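**Student:** First the structure, then my questions, so here it is.
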Amino acid sequence: MNGFDFTLAGAQLMALGSGALWWAEQSLLCVSDLHLGKSERIARRGGAALPPYDTRDTLTRLAADLTLTNARSVVCLGDSFDDLGAALALPEEERLWITRLQAGRRWVWIEGNHDPGPVNLGGSHLFELPIAPLTFRHIALPGASGEVSGHYHPKASVSLRGRNITRPAFLFDSDRLILPAYGTYTGGLRSRAEPLADLMRPEAQAIMTGKKPIAIPMPR
């Protein structure tokens, strides 16, 4: 499996190259910030027209990760839709696609700041989800421990052979893990920016996504 192994609060985890988190002991796949329907939301608000394929691309990659892991549980860490209107405007074909992905699995939608959780789709809708020794929530809380969150769309840069490479990245230290955004058309916040630099401990690492995930000291 294409991933980077690490531990958080005693839980053995794997950061997948796609940006998903795999917790084998719980057979749990976690993704953050899908922002489904972003192109629809931008067009609805009079913004630049983007190719309307972001939701299909995101669901294709999610389906591949579910096939790879055969996960029994899925946790979506909030901002699963770009806003409530995008959830309501979801085409029937893509709604049925999500239903097929949910079949036979425990599926948890964590509330985000862009959406309250897609309440008209299957699964559970929670503000946060504790599964000892971890707690899954959308936005990191200062002082928390064993926390898995998203929201900030972290990315990291490294210089390699004279080239500067920037990728979405997991950020982790002894207290917390912040997932990269999983959705297509999602931007990112550099790891050195506030509040990421303030949230993460000095020894924090960044796991850069891609074909071969690599861990580096978190750029500051």
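Ordered as shown in the structure tokens, chains take letters A, B, and onward, while each chain numbers its residues from 1 and ligands are numbered from 1 in the order shown.
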Taking only chain A into account, list the residues labelled helix (DSSP H, G or I) by DSSP (computed from the backbone), as a PyMOL selection string.
**Tutor:** chain A and resi 24-26+38-44+54-69+84-88+92-102+196-199
**Student:** Export N, CA and C atoms of the chosen residues as a compact mmCIF listing (two decimals), in the first residue's frame?
**Tutor:**
```txt
# COMPACT_ATOMS: atom_id res chain seq x y z
N ALA A 24 -5.64 0.98 10.17
CA ALA A 24 -5.92 -0.42 9.88
C ALA A 24 -6.60 -1.13 11.04
N GLU A 25 -6.20 -0.84 12.27
CA GLU A 25 -6.78 -1.52 13.42
C GLU A 25 -8.28 -1.34 13.49
N GLN A 26 -8.77 -0.17 13.08
CA GLN A 26 -10.20 0.13 13.08
C GLN A 26 -10.84 -0.07 11.72
N LYS A 38 -17.78 22.32 -5.66
CA LYS A 38 -17.16 23.65 -5.63
C LYS A 38 -17.38 24.40 -6.94
N SER A 39 -17.26 23.72 -8.06
CA SER A 39 -17.46 24.41 -9.34
C SER A 39 -18.89 24.93 -9.46
N GLU A 40 -19.86 24.17 -8.95
CA GLU A 40 -21.27 24.61 -8.98
C GLU A 40 -21.45 25.85 -8.12
N ARG A 41 -20.84 25.86 -6.94
CA ARG A 41 -20.98 26.99 -6.03
C ARG A 41 -20.35 28.25 -6.62
N ILE A 42 -19.18 28.12 -7.24
CA ILE A 42 -18.52 29.28 -7.84
C ILE A 42 -19.36 29.85 -8.97
N ALA A 43 -19.89 28.96 -9.84
CA ALA A 43 -20.73 29.42 -10.95
C ALA A 43 -22.01 30.08 -10.43
N ARG A 44 -22.60 29.50 -9.40
CA ARG A 44 -23.85 30.04 -8.84
C ARG A 44 -23.65 31.44 -8.29
N ASP A 54 -15.22 18.34 -10.79
CA ASP A 54 -14.51 18.17 -9.52
C ASP A 54 -15.12 17.10 -8.64
N THR A 55 -16.46 17.07 -8.55
CA THR A 55 -17.10 16.08 -7.70
C THR A 55 -16.82 14.67 -8.21
N ARG A 56 -16.93 14.47 -9.52
CA ARG A 56 -16.67 13.13 -10.08
C ARG A 56 -15.22 12.72 -9.86
N ASP A 57 -14.29 13.65 -10.03
CA ASP A 57 -12.89 13.32 -9.82
C ASP A 57 -12.63 12.95 -8.37
N THR A 58 -13.18 13.72 -7.44
CA THR A 58 -13.00 13.43 -6.01
C THR A 58 -13.59 12.08 -5.66
N LEU A 59 -14.81 11.79 -6.13
CA LEU A 59 -15.44 10.51 -5.82
C LEU A 59 -14.70 9.34 -6.47
N THR A 60 -14.11 9.56 -7.64
CA THR A 60 -13.32 8.51 -8.28
C THR A 60 -12.12 8.14 -7.42
N ARG A 61 -11.44 9.14 -6.91
CA ARG A 61 -10.27 8.87 -6.07
C ARG A 61 -10.68 8.24 -4.74
N LEU A 62 -11.81 8.68 -4.19
CA LEU A 62 -12.29 8.09 -2.94
C LEU A 62 -12.69 6.63 -3.15
N ALA A 63 -13.34 6.34 -4.26
CA ALA A 63 -13.71 4.96 -4.56
C ALA A 63 -12.46 4.09 -4.68
N ALA A 64 -11.40 4.62 -5.28
CA ALA A 64 -10.15 3.86 -5.42
C ALA A 64 -9.54 3.57 -4.05
N ASP A 65 -9.57 4.54 -3.14
CA ASP A 65 -9.03 4.30 -1.81
C ASP A 65 -9.86 3.30 -1.03
N LEU A 66 -11.16 3.31 -1.24
CA LEU A 66 -12.02 2.33 -0.57
C LEU A 66 -11.78 0.92 -1.12
N THR A 67 -11.55 0.82 -2.40
CA THR A 67 -11.21 -0.48 -2.99
C THR A 67 -9.87 -0.97 -2.46
N LEU A 68 -8.91 -0.05 -2.37
CA LEU A 68 -7.57 -0.39 -1.89
C LEU A 68 -7.59 -0.90 -0.46
N THR A 69 -8.34 -0.23 0.40
CA THR A 69 -8.31 -0.55 1.83
C THR A 69 -9.42 -1.50 2.26
N LEU A 84 -24.02 24.49 1.62
CA LEU A 84 -25.26 23.72 1.68
C LEU A 84 -25.94 23.67 0.33
N GLY A 85 -25.85 24.77 -0.44
CA GLY A 85 -26.44 24.79 -1.77
C GLY A 85 -25.83 23.76 -2.69
N ALA A 86 -24.52 23.56 -2.58
CA ALA A 86 -23.84 22.56 -3.40
C ALA A 86 -24.33 21.16 -3.05
N ALA A 87 -24.59 20.91 -1.77
CA ALA A 87 -25.13 19.61 -1.37
C ALA A 87 -26.52 19.40 -1.95
N LEU A 88 -27.35 20.45 -1.92
CA LEU A 88 -28.72 20.33 -2.44
C LEU A 88 -28.73 20.20 -3.97
N GLU A 92 -28.28 13.63 -9.34
CA GLU A 92 -28.75 12.33 -8.86
C GLU A 92 -27.73 11.23 -9.09
N GLU A 93 -27.03 11.29 -10.22
CA GLU A 93 -26.02 10.25 -10.50
C GLU A 93 -24.94 10.24 -9.43
N GLU A 94 -24.50 11.41 -9.00
CA GLU A 94 -23.45 11.48 -7.99
C GLU A 94 -24.00 11.17 -6.60
N ARG A 95 -25.26 11.49 -6.36
CA ARG A 95 -25.90 11.12 -5.10
C ARG A 95 -25.96 9.59 -4.97
N LEU A 96 -26.32 8.93 -6.06
CA LEU A 96 -26.37 7.47 -6.05
C LEU A 96 -24.97 6.87 -5.91
N TRP A 97 -23.98 7.53 -6.48
CA TRP A 97 -22.60 7.08 -6.37
C TRP A 97 -22.17 7.07 -4.90
N ILE A 98 -22.48 8.14 -4.18
CA ILE A 98 -22.16 8.21 -2.75
C ILE A 98 -22.90 7.11 -2.00
N THR A 99 -24.15 6.87 -2.35
CA THR A 99 -24.92 5.81 -1.70
C THR A 99 -24.26 4.46 -1.90
N ARG A 100 -23.75 4.21 -3.09
CA ARG A 100 -23.07 2.93 -3.35
C ARG A 100 -21.78 2.83 -2.53
N LEU A 101 -21.06 3.93 -2.40
CA LEU A 101 -19.84 3.91 -1.59
C LEU A 101 -20.15 3.66 -0.12
N GLN A 102 -21.30 4.13 0.34
CA GLN A 102 -21.68 3.96 1.74
C GLN A 102 -22.16 2.54 2.05
N LEU A 196 -1.19 27.45 11.51
CA LEU A 196 -0.54 26.15 11.52
C LEU A 196 0.77 26.18 12.30
N ALA A 197 1.56 27.21 12.07
CA ALA A 197 2.85 27.30 12.76
C ALA A 197 2.67 27.38 14.27
N ASP A 198 1.55 27.98 14.72
CA ASP A 198 1.30 28.09 16.16
C ASP A 198 0.73 26.79 16.73
N LEU A 199 -0.08 26.08 15.94
CA LEU A 199 -0.71 24.86 16.43
C LEU A 199 0.28 23.71 16.59
```
**Student:** For A:Phe136, find every residue with an atom within 7 Å (counting only C-alpha atoms), except residues of its own chain fewer than 3 positions away, and show them as a count of residues only.
**Tutor:** 6
**Student:** Neighbours of A:Met14 within 6 Å (only C-alpha atoms; same-chain residues fewer than 4 positions away dropped), as a list in words?
**Tutor:** Gly3, Phe4, Asp5, Leu21 and Trp22 of chain A
**Student:** Of the candidates A:Leu90, A:Ala103, A:Cys30, A:Ala132, which shows the shortest atom-to-atom distance to A:Asn120, using only C-alpha atoms?
**Tutor:**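 Ranked by minimum distance to A:Asn120, first place goes to A:Leu90.
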**Student:** Figure out the distance between atom CA of A:Arg201 and atom CA of A:Leu34, please, to one decimal in Å.
**Tutor:**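 Distance reported for this atom pair: 26.5 Å.
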**Student:** Quote the spacing between atom CA of A:Gln205 and atom CA of A:Phe172 in Å to one decimal place.
**Tutor:**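 So the two atoms, atom CA of A:Gln205 and atom CA of A:Phe172, lie 5.6 Å apart.
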